[in-house]
file start-v9.cif (mmCIF, C-alpha atoms)
data_input
loop_
_atom_site.label_atom_id
_atom_site.label_comp_id
_atom_site.auth_asym_id
_atom_site.auth_seq_id
_atom_site.Cartn_x
_atom_site.Cartn_y
_atom_site.Cartn_z
CA MET A 1 0.53 -4.20 -12.93
CA LYS A 2 3.42 -2.64 -14.86
CA LYS A 3 5.34 -0.43 -12.41
CA ILE A 4 5.46 -0.82 -8.63
CA LEU A 5 6.63 2.10 -6.48
CA VAL A 6 8.35 1.32 -3.16
CA PRO A 7 9.08 4.31 -0.89
CA THR A 8 11.92 3.28 1.40
CA ASP A 9 13.72 4.61 4.46
CA PHE A 10 15.92 1.47 4.54
CA SER A 11 14.34 0.23 7.78
CA GLU A 12 13.42 -3.41 8.37
CA PHE A 13 9.81 -2.48 7.63
CA ALA A 14 10.79 -0.95 4.30
CA ASP A 15 12.70 -4.17 3.58
CA ILE A 16 9.45 -6.09 4.13
CA ALA A 17 7.82 -3.83 1.54
CA THR A 18 10.72 -4.51 -0.84
CA ASP A 19 10.34 -8.27 -0.49
CA THR A 20 6.58 -8.00 -1.01
CA ALA A 21 7.03 -5.82 -4.09
CA ILE A 22 9.50 -8.31 -5.54
CA MET A 23 6.98 -11.11 -4.93
CA LEU A 24 4.29 -9.09 -6.73
CA ALA A 25 6.62 -8.11 -9.58
CA LYS A 26 7.65 -11.73 -10.20
CA LYS A 27 3.97 -12.60 -10.65
CA SER A 28 3.15 -9.63 -12.87
CA GLY A 29 6.45 -8.87 -14.62
CA ALA A 30 6.33 -5.32 -13.27
CA GLU A 31 9.26 -2.93 -13.02
CA ILE A 32 10.07 -1.67 -9.51
CA HIS A 33 10.85 1.94 -8.60
CA PHE A 34 12.65 2.46 -5.29
CA ILE A 35 12.36 6.01 -3.97
CA HIS A 36 14.06 7.59 -0.96
CA LEU A 37 13.20 11.02 0.45
CA MET A 38 15.96 12.99 2.17
CA ASP A 39 16.04 16.26 4.10
CA ILE A 40 19.28 18.12 3.39
CA PRO A 41 20.46 21.77 3.35
CA VAL A 42 19.33 23.59 0.21
CA ASP A 43 22.85 25.02 -0.16
CA TRP A 44 24.28 21.54 -0.68
CA ILE A 45 22.06 20.93 -3.71
CA ASN A 46 23.26 24.11 -5.43
CA LEU A 47 26.99 23.48 -4.91
CA VAL A 48 29.35 21.75 -7.32
CA GLU A 49 30.54 18.32 -6.18
CA SER A 50 33.94 19.50 -4.92
CA ASP A 51 32.34 22.18 -2.74
CA GLN A 52 29.71 19.73 -1.50
CA LYS A 53 32.46 17.50 -0.14
CA LYS A 54 34.38 20.45 1.31
CA MET A 55 31.55 22.39 2.94
CA TYR A 56 29.15 19.57 3.83
CA PRO A 57 31.19 16.36 4.16
CA ASP A 58 28.61 14.77 6.47
CA ILE A 59 25.72 15.44 4.05
CA THR A 60 27.79 14.23 1.09
CA LEU A 61 28.51 11.00 2.95
CA LYS A 62 24.84 10.63 3.87
CA VAL A 63 23.79 10.96 0.24
CA LYS A 64 26.45 8.49 -0.86
CA LYS A 65 25.28 5.94 1.70
CA ALA A 66 21.68 6.35 0.56
CA ASN A 67 22.70 5.77 -3.05
CA ASN A 68 24.67 2.68 -2.05
CA LYS A 69 21.64 1.29 -0.21
CA LEU A 70 19.44 1.96 -3.21
CA ASP A 71 21.98 0.17 -5.39
CA MET A 72 21.70 -2.84 -3.09
CA LEU A 73 17.93 -2.85 -3.57
CA LEU A 74 18.41 -2.69 -7.34
CA THR A 75 20.77 -5.65 -7.16
CA LYS A 76 18.26 -7.61 -5.08
CA ALA A 77 15.51 -6.98 -7.63
CA GLU A 78 17.75 -7.76 -10.58
CA LYS A 79 18.83 -11.06 -9.01
CA ALA A 80 15.13 -11.93 -8.94
CA GLY A 81 15.07 -11.33 -12.70
CA LEU A 82 13.32 -7.95 -12.46
CA ASP A 83 13.91 -4.49 -13.89
CA ALA A 84 14.31 -1.78 -11.26
CA LYS A 85 15.19 1.90 -10.96
CA LYS A 86 16.23 4.13 -8.07
CA PHE A 87 15.25 7.70 -7.19
CA ILE A 88 16.31 10.15 -4.47
CA GLN A 89 14.28 13.29 -3.85
CA TYR A 90 15.50 16.04 -1.54
CA ASN A 91 13.33 17.97 0.93
CA ALA A 92 10.06 16.46 -0.26
CA ASN A 93 6.97 14.95 1.35
CA TYR A 94 4.14 12.66 0.29
CA LYS A 95 3.22 15.00 -2.58
CA TYR A 96 6.35 13.96 -4.44
CA ILE A 97 5.35 10.30 -4.09
CA ILE A 98 1.99 11.13 -5.67
CA LYS A 99 3.79 13.14 -8.37
CA HIS A 100 6.14 10.24 -9.08
CA ILE A 101 3.19 7.89 -9.50
CA GLU A 102 1.68 10.21 -12.09
CA SER A 103 4.92 11.17 -13.87
CA PHE A 104 6.26 7.64 -14.29
CA GLY A 105 2.99 5.77 -14.74
CA CYS A 106 3.32 3.64 -11.61
CA ASP A 107 0.16 1.60 -11.08
CA PHE A 108 0.82 0.09 -7.65
CA VAL A 109 2.52 1.17 -4.40
CA VAL A 110 3.93 -1.01 -1.63
CA MET A 111 4.79 0.61 1.71
CA GLY A 112 6.15 -0.81 4.96
CA SER A 113 5.13 0.20 8.46
CA HIS A 114 5.82 -0.45 12.12
CA GLY A 115 3.70 -3.04 13.94
CA THR A 116 0.41 -2.02 15.50
CA SER A 117 1.87 1.14 17.02
CA GLY A 118 1.71 3.10 13.79
CA LEU A 119 3.63 3.82 10.62
CA ALA A 120 7.37 4.31 10.30
CA GLU A 121 8.42 7.71 11.61
CA TRP A 122 9.06 9.35 8.24
CA LEU A 123 5.70 8.09 7.01
CA ILE A 124 3.52 8.75 10.07
CA GLY A 125 0.27 10.54 9.33
CA SER A 126 1.84 13.37 7.42
CA ASN A 127 3.04 11.08 4.64
CA ALA A 128 1.79 7.49 4.65
CA GLN A 129 -1.83 8.14 5.45
CA LYS A 130 -1.85 10.92 2.88
CA VAL A 131 -0.45 8.56 0.26
CA VAL A 132 -3.20 6.05 1.10
CA ARG A 133 -5.77 8.85 1.05
CA ASN A 134 -4.61 10.56 -2.15
CA SER A 135 -3.11 7.87 -4.35
CA THR A 136 -5.15 7.14 -7.45
CA VAL A 137 -3.50 3.70 -7.72
CA PRO A 138 -3.76 0.77 -5.29
CA VAL A 139 -1.53 0.97 -2.20
CA MET A 140 -0.53 -2.09 -0.18
CA VAL A 141 0.75 -1.51 3.36
CA VAL A 142 2.65 -4.36 5.04
CA LYS A 143 3.95 -4.71 8.58
CA LYS A 144 5.24 -8.26 8.81
CA ALA A 145 7.13 -10.50 6.43
CA VAL A 146 4.85 -12.01 3.79
CA THR A 147 5.94 -15.47 2.65
CA GLN A 148 3.06 -15.84 0.20
CA LEU A 149 -0.02 -13.90 -0.80
CA GLY A 150 -3.25 -15.78 -0.16
CA ASP A 151 -6.90 -14.93 -0.62
CA ILE A 152 -8.19 -11.36 -0.52
CA VAL A 153 -10.90 -10.33 1.94
CA PHE A 154 -12.83 -7.44 0.41
CA ALA A 155 -14.61 -5.71 3.29
CA SER A 156 -17.21 -3.25 2.06
CA ASP A 157 -20.64 -1.71 2.48
CA PHE A 158 -21.27 -2.83 -1.14
CA GLU A 159 -22.75 0.47 -2.14
CA GLU A 160 -22.75 1.45 -5.81
CA ASP A 161 -19.75 3.76 -5.50
CA SER A 162 -17.53 0.83 -4.44
CA PHE A 163 -18.13 -1.23 -7.57
CA ASN A 164 -15.47 0.32 -9.83
CA ALA A 165 -12.86 -0.05 -7.08
CA PHE A 166 -13.91 -3.68 -6.68
CA LYS A 167 -13.25 -4.30 -10.38
CA ARG A 168 -9.66 -3.14 -9.82
CA ILE A 169 -9.33 -5.50 -6.85
CA LEU A 170 -10.69 -8.27 -9.05
CA LYS A 171 -7.90 -7.72 -11.58
CA ILE A 172 -5.30 -7.88 -8.81
CA ALA A 173 -6.79 -11.15 -7.52
CA GLU A 174 -6.68 -12.63 -11.03
CA MET A 175 -3.05 -11.59 -11.42
CA LEU A 176 -2.13 -13.14 -8.06
CA GLN A 177 -4.27 -16.20 -8.84
CA VAL A 178 -6.12 -15.95 -5.53
CA LYS A 179 -9.78 -15.90 -4.54
CA ILE A 180 -11.85 -13.06 -3.09
CA HIS A 181 -14.08 -13.28 -0.02
CA LEU A 182 -16.81 -10.64 0.01
CA LEU A 183 -17.34 -9.46 3.57
CA PHE A 184 -19.93 -7.24 5.25
CA ILE A 185 -19.20 -6.68 8.94
CA ASN A 186 -22.37 -6.17 10.93
CA THR A 187 -21.87 -4.07 14.05
CA PRO A 188 -24.48 -2.77 16.52
CA ALA A 189 -23.78 0.76 15.33
CA ASN A 190 -24.29 -0.19 11.68
CA PHE A 191 -26.68 -3.12 11.88
CA THR A 192 -28.12 -4.30 8.57
CA GLU A 193 -30.42 -7.22 7.88
CA THR A 194 -28.89 -10.12 6.00
CA LYS A 195 -31.51 -9.96 3.23
CA LEU A 196 -30.27 -6.45 2.40
CA THR A 197 -26.56 -7.29 2.41
CA ASP A 198 -27.25 -10.33 0.23
CA LEU A 199 -29.06 -8.06 -2.21
CA TRP A 200 -26.23 -5.53 -2.26
CA MET A 201 -23.60 -8.23 -2.84
CA LYS A 202 -25.33 -9.77 -5.87
CA LYS A 203 -23.77 -7.38 -8.39
CA PHE A 204 -20.27 -7.98 -6.95
CA ILE A 205 -20.73 -11.76 -6.97
CA ALA A 206 -21.86 -11.68 -10.59
CA ALA A 207 -18.91 -9.51 -11.66
CA GLY A 208 -16.39 -11.63 -9.78
CA GLY A 209 -17.47 -14.95 -11.25
CA ASN A 210 -15.05 -17.78 -10.46
CA SER A 211 -12.79 -15.42 -8.50
CA ILE A 212 -15.37 -15.18 -5.69
CA GLU A 213 -14.81 -17.77 -2.99
CA GLY A 214 -17.88 -16.73 -1.01
CA SER A 215 -19.90 -13.89 0.47
CA TRP A 216 -20.21 -13.39 4.18
CA VAL A 217 -22.01 -11.34 6.81
CA TYR A 218 -19.90 -11.34 9.96
CA ASN A 219 -21.37 -10.11 13.24
CA CYS A 220 -19.04 -8.34 15.64
CA TYR A 221 -19.20 -5.47 18.13
CA ASP A 222 -16.16 -3.77 16.55
CA PHE A 223 -15.44 -3.42 12.82
CA GLU A 224 -11.66 -3.79 13.04
CA GLU A 225 -11.84 -6.75 15.42
CA GLY A 226 -14.32 -8.51 13.14
CA LEU A 227 -12.14 -7.80 10.13
CA ALA A 228 -9.06 -9.20 11.87
CA GLN A 229 -10.87 -12.33 13.06
CA PHE A 230 -12.33 -13.10 9.66
CA THR A 231 -9.17 -12.40 7.63
CA LYS A 232 -6.91 -14.51 9.83
CA LYS A 233 -9.27 -17.43 9.22
CA TYR A 234 -10.09 -17.00 5.54
CA GLY A 235 -7.49 -14.81 3.83
CA SER A 236 -4.13 -13.05 4.00
CA ILE A 237 -4.89 -9.61 2.50
CA ILE A 238 -7.51 -7.03 3.50
CA ALA A 239 -8.87 -4.97 0.60
CA LEU A 240 -10.71 -1.73 1.31
CA VAL A 241 -12.13 1.10 -0.76
CA THR A 242 -10.62 4.48 0.12
CA HIS A 243 -12.45 7.78 -0.33
CA GLY A 244 -14.01 10.32 2.03
CA LYS A 245 -15.22 8.62 5.20
CA LYS A 246 -14.12 5.28 3.77
CA GLY A 247 -10.59 6.70 3.65
CA TYR A 248 -10.57 7.24 7.40
CA VAL A 249 -11.68 3.63 7.90
CA THR A 250 -8.77 2.45 5.74
CA GLU A 251 -6.26 4.59 7.62
CA SER A 252 -7.50 3.26 10.95
CA VAL A 253 -7.22 -0.34 9.76
CA VAL A 254 -3.71 0.34 8.42
CA ASN A 255 -2.65 1.73 11.80
CA HIS A 256 -4.20 -0.92 14.02
CA LEU A 257 -4.01 -4.28 12.22
CA ASP A 258 -0.87 -6.19 11.29
CA ILE A 259 -2.44 -7.88 8.26
CA PRO A 260 -1.45 -6.59 4.77
CA VAL A 261 -3.93 -3.91 3.70
CA LEU A 262 -4.72 -3.15 0.07
CA SER A 263 -6.24 0.31 -0.37
CA VAL A 264 -8.03 1.01 -3.65
CA HIS A 265 -9.32 4.50 -4.40
CA LEU A 266 -12.78 5.07 -5.82
#
call {"tool": "encode", "arguments": {"input": "start-v9.cif", "output": "C-alpha cells"}}
result
Amino acid sequence: MKKILVPTDFSEFADIATDTAIMLAKKSGAEIHFIHLMDIPVDWINLVESDQKKMYPDITLKVKKANNKLDMLLTKAEKAGLDAKKFIQYNANYKYIIKHIESFGCDFVVMGSHGTSGLAEWLIGSNAQKVVRNSTVPVMVVKKAVTQLGDIVFASDFEEDSFNAFKRILKIAEMLQVKIHLLFINTPANFTETKLTDLWMKKFIAAGGNSIEGSWVYNCYDFEEGLAQFTKKYGSIIALVTHGKKGYVTESVVNHLDIPVLSVHL
C-alpha cells in the first residue's frame, strides 16, 4: 500500500474515512491523496482571478473554503507523520476518481458513507457504487468510526475466479497484521453441502498459511444477515470480491451493513 485515495465531501462520514485512511497509512507508510469534487459554472473556470471574484464572488468563496478544508486534512495527516496531497476537480463524477487512481498510481481507496440508509448524497449510486464496481484497486467503505482494524472476514463462493482477489486480500491482512476468516454462507437459495465447501476452501487455506484463522460454513436464511452475525462475532472487516454479479452483492452489502467493507476486484 503506497498511495491511499480519500474522496471527501467534508461530511462527518468523510471524516471517518479520513481517520481510517490515516490509520491504514500509519501501518503501511502510504501517502494520502484527498480529493474533492465540485460543481461550479464553467465560466468561472475560464476567468482570471480578478474577474472570478467580481463576477462570481459566491463561487470564489466556495472554492476558497474547500481549499481551506483540504488544507486542514493535509495538516491532520502531516501531524500523524504522513505525506499527503490535495486535489479539487470541477464538474466531474466517479470517472475522475477512477482516472485519478490510474494517473497517480493509487493502490487503495477509502470512502465514507451514511449509516444503513445509503451512501452520502454526492456518492449515492451514481458515484460510490460505480467506484466500487469499476475500481481496479481495493476500496474500503466505512460508516462508523473505526478505533482499530481487527480480523478480516472473507466471504466468498471460493470459486477459481476469486483466488487472485483473495491473494490481494491476504497481502492487506499481512500489512495490517490481522487474521483472515474464510466464510461460506449457506442459504436455502444457494445450499451447498459442507464436503463441497471444504473442498473449495482448501486452495485458499493453503495459500493463506498462518494468516488463516479458520474456515467456516455458516447457515442462515439471508446472506447479508448471516454475514453481519458472523463478522460481529469474529472480525471487524468484511472482504468481498467484486465483479459481475459479485459486484451487485458487494454494493448491496455496502448499502445495508454498517461494518467496514473491503471490495477487491477480480
call {"tool": "residues_around", "arguments": {"input": "start-v9.cif", "residues": "stretch 33-40 of chain A", "least_positions_apart": "2", "cutoff": "9 Å", "atoms": "all atoms listed in the file", "output": "PyMOL selection string"}}
result
chain A and resi 3-10+18+31+42-45+59+63+66+70+73-74+83-93+96-97+106+122
call {"tool": "write_last_selection", "arguments": {"input": "start-v9.cif", "atoms": "C-alpha atoms", "output": "PDB file, in the coordinates of the input"}}
result
ATOM      1  CA  LYS A   3       5.340  -0.430 -12.410  1.00  0.00           C
ATOM      2  CA  ILE A   4       5.460  -0.820  -8.630  1.00  0.00           C
ATOM      3  CA  LEU A   5       6.630   2.100  -6.480  1.00  0.00           C
ATOM      4  CA  VAL A   6       8.350   1.320  -3.160  1.00  0.00           C
ATOM      5  CA  PRO A   7       9.080   4.310  -0.890  1.00  0.00           C
ATOM      6  CA  THR A   8      11.920   3.280   1.400  1.00  0.00           C
ATOM      7  CA  ASP A   9      13.720   4.610   4.460  1.00  0.00           C
ATOM      8  CA  PHE A  10      15.920   1.470   4.540  1.00  0.00           C
ATOM      9  CA  THR A  18      10.720  -4.510  -0.840  1.00  0.00           C
ATOM     10  CA  GLU A  31       9.260  -2.930 -13.020  1.00  0.00           C
ATOM     11  CA  VAL A  42      19.330  23.590   0.210  1.00  0.00           C
ATOM     12  CA  ASP A  43      22.850  25.020  -0.160  1.00  0.00           C
ATOM     13  CA  TRP A  44      24.280  21.540  -0.680  1.00  0.00           C
ATOM     14  CA  ILE A  45      22.060  20.930  -3.710  1.00  0.00           C
ATOM     15  CA  ILE A  59      25.720  15.440   4.050  1.00  0.00           C
ATOM     16  CA  VAL A  63      23.790  10.960   0.240  1.00  0.00           C
ATOM     17  CA  ALA A  66      21.680   6.350   0.560  1.00  0.00           C
ATOM     18  CA  LEU A  70      19.440   1.960  -3.210  1.00  0.00           C
ATOM     19  CA  LEU A  73      17.930  -2.850  -3.570  1.00  0.00           C
ATOM     20  CA  LEU A  74      18.410  -2.690  -7.340  1.00  0.00           C
ATOM     21  CA  ASP A  83      13.910  -4.490 -13.890  1.00  0.00           C
ATOM     22  CA  ALA A  84      14.310  -1.780 -11.260  1.00  0.00           C
ATOM     23  CA  LYS A  85      15.190   1.900 -10.960  1.00  0.00           C
ATOM     24  CA  LYS A  86      16.230   4.130  -8.070  1.00  0.00           C
ATOM     25  CA  PHE A  87      15.250   7.700  -7.190  1.00  0.00           C
ATOM     26  CA  ILE A  88      16.310  10.150  -4.470  1.00  0.00           C
ATOM     27  CA  GLN A  89      14.280  13.290  -3.850  1.00  0.00           C
ATOM     28  CA  TYR A  90      15.500  16.040  -1.540  1.00  0.00           C
ATOM     29  CA  ASN A  91      13.330  17.970   0.930  1.00  0.00           C
ATOM     30  CA  ALA A  92      10.060  16.460  -0.260  1.00  0.00           C
ATOM     31  CA  ASN A  93       6.970  14.950   1.350  1.00  0.00           C
ATOM     32  CA  TYR A  96       6.350  13.960  -4.440  1.00  0.00           C
ATOM     33  CA  ILE A  97       5.350  10.300  -4.090  1.00  0.00           C
ATOM     34  CA  CYS A 106       3.320   3.640 -11.610  1.00  0.00           C
ATOM     35  CA  TRP A 122       9.060   9.350   8.240  1.00  0.00           C
TER      36      TRP A 122
END
call {"tool": "atom_distance", "arguments": {"input": "start-v9.cif", "atom1": "atom CA of A:Val137", "atom2": "atom CA of A:Asp222"}}
result
28.4 Å
call {"tool": "atom_distance", "arguments": {"input": "start-v9.cif", "atom1": "atom CA of A:Lys62", "atom2": "atom CA of A:Phe13"}}
result
20.3 Å
call {"tool": "closest_residue", "arguments": {"input": "start-v9.cif", "among": "A:Met140, A:Ala80, A:Val132, A:Met23", "to": "A:Ile98", "atoms": "all atoms listed in the file"}}
result
A:Val132
call {"tool": "residues_near_point", "arguments": {"input": "start-v9.cif", "point": "(-22.7, -11.6, 0.7)", "cutoff": "8 Å", "atoms": "all atoms listed in the file", "output": "ChimeraX atom specification"}}
result
/A:182-184,197-202,205,214-217
call {"tool": "closest_residue", "arguments": {"input": "start-v9.cif", "among": "A:Lys65, A:Lys79, A:Lys179, A:Lys54", "to": "A:Lys26", "atoms": "only C-alpha atoms"}}
result
A:Lys79
call {"tool": "residues_around", "arguments": {"input": "start-v9.cif", "residues": "stretch 188-191 of chain A", "least_positions_apart": "3", "cutoff": "9 Å", "atoms": "all atoms listed in the file", "output": "CSV table (one decimal) with C-alpha atoms, in the coordinates of the input"}}
result
chain,number,residue,atom,x,y,z
A,185,ILE,CA,-19.2,-6.7,8.9
A,219,ASN,CA,-21.4,-10.1,13.2
A,220,CYS,CA,-19.0,-8.3,15.6
A,221,TYR,CA,-19.2,-5.5,18.1
A,222,ASP,CA,-16.2,-3.8,16.6
call {"tool": "resolve_selection", "arguments": {"input": "start-v9.cif", "expression": "the PyMOL selection byres ((chain A and resi 139) around 9)", "output": "PDB file with C-alpha atoms, in the frame of the given file"}}
result
ATOM      1  CA  PHE A 108       0.820   0.090  -7.650  1.00  0.00           C
ATOM      2  CA  VAL A 109       2.520   1.170  -4.400  1.00  0.00           C
ATOM      3  CA  VAL A 110       3.930  -1.010  -1.630  1.00  0.00           C
ATOM      4  CA  MET A 111       4.790   0.610   1.710  1.00  0.00           C
ATOM      5  CA  VAL A 131      -0.450   8.560   0.260  1.00  0.00           C
ATOM      6  CA  VAL A 132      -3.200   6.050   1.100  1.00  0.00           C
ATOM      7  CA  SER A 135      -3.110   7.870  -4.350  1.00  0.00           C
ATOM      8  CA  THR A 136      -5.150   7.140  -7.450  1.00  0.00           C
ATOM      9  CA  VAL A 137      -3.500   3.700  -7.720  1.00  0.00           C
ATOM     10  CA  PRO A 138      -3.760   0.770  -5.290  1.00  0.00           C
ATOM     11  CA  MET A 140      -0.530  -2.090  -0.180  1.00  0.00           C
ATOM     12  CA  VAL A 141       0.750  -1.510   3.360  1.00  0.00           C
ATOM     13  CA  VAL A 261      -3.930  -3.910   3.700  1.00  0.00           C
ATOM     14  CA  LEU A 262      -4.720  -3.150   0.070  1.00  0.00           C
ATOM     15  CA  SER A 263      -6.240   0.310  -0.370  1.00  0.00           C
ATOM     16  CA  VAL A 264      -8.030   1.010  -3.650  1.00  0.00           C
ATOM     17  CA  HIS A 265      -9.320   4.500  -4.400  1.00  0.00           C
TER      18      HIS A 265
END
call {"tool": "residues_around", "arguments": {"input": "start-v9.cif", "residues": "A:Thr242", "least_positions_apart": "3", "cutoff": "9 Å", "atoms": "only C-alpha atoms", "output": "JSON, numbers by chain"}}
result
{"A": [132, 133, 134, 165, 245, 246, 247, 248, 249, 250, 251, 263, 264, 265, 266]}
call {"tool": "resolve_selection", "arguments": {"input": "start-v9.cif", "expression": "the PyMOL selection byres ((chain A and resi 181) around 12)", "output": "NGL selection string"}}
result
:A and (150-156 or 166 or 169-170 or 173 or 178-180 or 182-184 or 201 or 204-205 or 208-218 or 227 or 230-231 or 233-239)
call {"tool": "atom_distance", "arguments": {"input": "start-v9.cif", "atom1": "atom CA of A:Gln52", "atom2": "atom CA of A:Lys64"}}
result
11.7 Å
call {"tool": "closest_residue", "arguments": {"input": "start-v9.cif", "among": "A:Gly81, A:Glu12, A:Asp258, A:Lys27", "to": "A:Leu176", "atoms": "all atoms listed in the file"}}
result
A:Lys27
call {"tool": "axis_aligned_box", "arguments": {"input": "start-v9.cif", "around": "stretch 5-10 of chain A", "padding_each_side": "5 Å", "output": "AutoDock Vina command-line options"}}
result
--center_x 11.3 --center_y 3.0 --center_z -1.0 --size_x 19.3 --size_y 13.3 --size_z 21.0
call {"tool": "resolve_selection", "arguments": {"input": "start-v9.cif", "expression": "the PyMOL selection byres ((chain A and resi 257) around 10)", "output": "tab-separated table (two decimals) with C-alpha atoms, in the coordinates of the input"}}
result
chain	number	residue	atom	x	y	z
A	115	GLY	CA	3.70	-3.04	13.94
A	116	THR	CA	0.41	-2.02	15.50
A	117	SER	CA	1.87	1.14	17.02
A	118	GLY	CA	1.71	3.10	13.79
A	142	VAL	CA	2.65	-4.36	5.04
A	143	LYS	CA	3.95	-4.71	8.58
A	224	GLU	CA	-11.66	-3.79	13.04
A	225	GLU	CA	-11.84	-6.75	15.42
A	227	LEU	CA	-12.14	-7.80	10.13
A	228	ALA	CA	-9.06	-9.20	11.87
A	238	ILE	CA	-7.51	-7.03	3.50
A	252	SER	CA	-7.50	3.26	10.95
A	253	VAL	CA	-7.22	-0.34	9.76
A	254	VAL	CA	-3.71	0.34	8.42
A	255	ASN	CA	-2.65	1.73	11.80
A	256	HIS	CA	-4.20	-0.92	14.02
A	258	ASP	CA	-0.87	-6.19	11.29
A	259	ILE	CA	-2.44	-7.88	8.26
A	260	PRO	CA	-1.45	-6.59	4.77
A	261	VAL	CA	-3.93	-3.91	3.70
call {"tool": "closest_residue", "arguments": {"input": "start-v9.cif", "among": "A:Ser162, A:Phe223, A:Leu196, A:Ile22", "to": "A:Glu78", "atoms": "all atoms listed in the file"}}
result
A:Ile22
call {"tool": "decode", "arguments": {"input": "start-v9.cif", "residues": "stretch 18-24 of chain A", "atoms": "all heavy atoms", "output": "PDB file, in the first residue's frame"}}
result
ATOM      1  N   THR A  18     -11.363   9.617   6.472  1.00  0.00           N
ATOM      2  CA  THR A  18     -10.049  10.234   6.668  1.00  0.00           C
ATOM      3  C   THR A  18      -9.309   9.577   7.825  1.00  0.00           C
ATOM      4  O   THR A  18      -8.132   9.216   7.709  1.00  0.00           O
ATOM      5  CB  THR A  18     -10.200  11.739   6.939  1.00  0.00           C
ATOM      6  OG1 THR A  18     -10.691  12.386   5.763  1.00  0.00           O
ATOM      7  CG2 THR A  18      -8.866  12.362   7.328  1.00  0.00           C
ATOM      8  N   ASP A  19      -9.991   9.415   8.949  1.00  0.00           N
ATOM      9  CA  ASP A  19      -9.365   8.800  10.121  1.00  0.00           C
ATOM     10  C   ASP A  19      -8.941   7.357   9.832  1.00  0.00           C
ATOM     11  O   ASP A  19      -7.877   6.908  10.271  1.00  0.00           O
ATOM     12  CB  ASP A  19     -10.317   8.831  11.314  1.00  0.00           C
ATOM     13  CG  ASP A  19     -10.555  10.244  11.833  1.00  0.00           C
ATOM     14  OD1 ASP A  19      -9.717  11.126  11.539  1.00  0.00           O
ATOM     15  OD2 ASP A  19     -11.571  10.462  12.517  1.00  0.00           O
ATOM     16  N   THR A  20      -9.780   6.637   9.085  1.00  0.00           N
ATOM     17  CA  THR A  20      -9.453   5.257   8.732  1.00  0.00           C
ATOM     18  C   THR A  20      -8.249   5.208   7.804  1.00  0.00           C
ATOM     19  O   THR A  20      -7.352   4.374   7.962  1.00  0.00           O
ATOM     20  CB  THR A  20     -10.655   4.573   8.061  1.00  0.00           C
ATOM     21  OG1 THR A  20     -11.792   4.641   8.927  1.00  0.00           O
ATOM     22  CG2 THR A  20     -10.353   3.105   7.764  1.00  0.00           C
ATOM     23  N   ALA A  21      -8.209   6.124   6.835  1.00  0.00           N
ATOM     24  CA  ALA A  21      -7.080   6.178   5.904  1.00  0.00           C
ATOM     25  C   ALA A  21      -5.786   6.503   6.632  1.00  0.00           C
ATOM     26  O   ALA A  21      -4.722   5.933   6.327  1.00  0.00           O
ATOM     27  CB  ALA A  21      -7.353   7.218   4.821  1.00  0.00           C
ATOM     28  N   ILE A  22      -5.850   7.399   7.596  1.00  0.00           N
ATOM     29  CA  ILE A  22      -4.665   7.747   8.380  1.00  0.00           C
ATOM     30  C   ILE A  22      -4.187   6.525   9.174  1.00  0.00           C
ATOM     31  O   ILE A  22      -2.984   6.249   9.264  1.00  0.00           O
ATOM     32  CB  ILE A  22      -4.962   8.940   9.314  1.00  0.00           C
ATOM     33  CG1 ILE A  22      -5.067  10.232   8.478  1.00  0.00           C
ATOM     34  CG2 ILE A  22      -3.882   9.087  10.390  1.00  0.00           C
ATOM     35  CD1 ILE A  22      -5.495  11.447   9.264  1.00  0.00           C
ATOM     36  N   MET A  23      -5.132   5.780   9.729  1.00  0.00           N
ATOM     37  CA  MET A  23      -4.788   4.563  10.466  1.00  0.00           C
ATOM     38  C   MET A  23      -4.075   3.566   9.546  1.00  0.00           C
ATOM     39  O   MET A  23      -3.058   2.966   9.917  1.00  0.00           O
ATOM     40  CB  MET A  23      -6.073   3.931  11.038  1.00  0.00           C
ATOM     41  CG  MET A  23      -5.845   2.787  11.996  1.00  0.00           C
ATOM     42  SD  MET A  23      -7.415   2.007  12.496  1.00  0.00           S
ATOM     43  CE  MET A  23      -8.366   3.425  13.002  1.00  0.00           C
ATOM     44  N   LEU A  24      -4.614   3.399   8.336  1.00  0.00           N
ATOM     45  CA  LEU A  24      -4.005   2.484   7.367  1.00  0.00           C
ATOM     46  C   LEU A  24      -2.631   2.985   6.921  1.00  0.00           C
ATOM     47  O   LEU A  24      -1.678   2.209   6.794  1.00  0.00           O
ATOM     48  CB  LEU A  24      -4.917   2.330   6.152  1.00  0.00           C
ATOM     49  CG  LEU A  24      -6.221   1.558   6.360  1.00  0.00           C
ATOM     50  CD1 LEU A  24      -7.148   1.769   5.173  1.00  0.00           C
ATOM     51  CD2 LEU A  24      -5.942   0.076   6.551  1.00  0.00           C
TER      52      LEU A  24
END
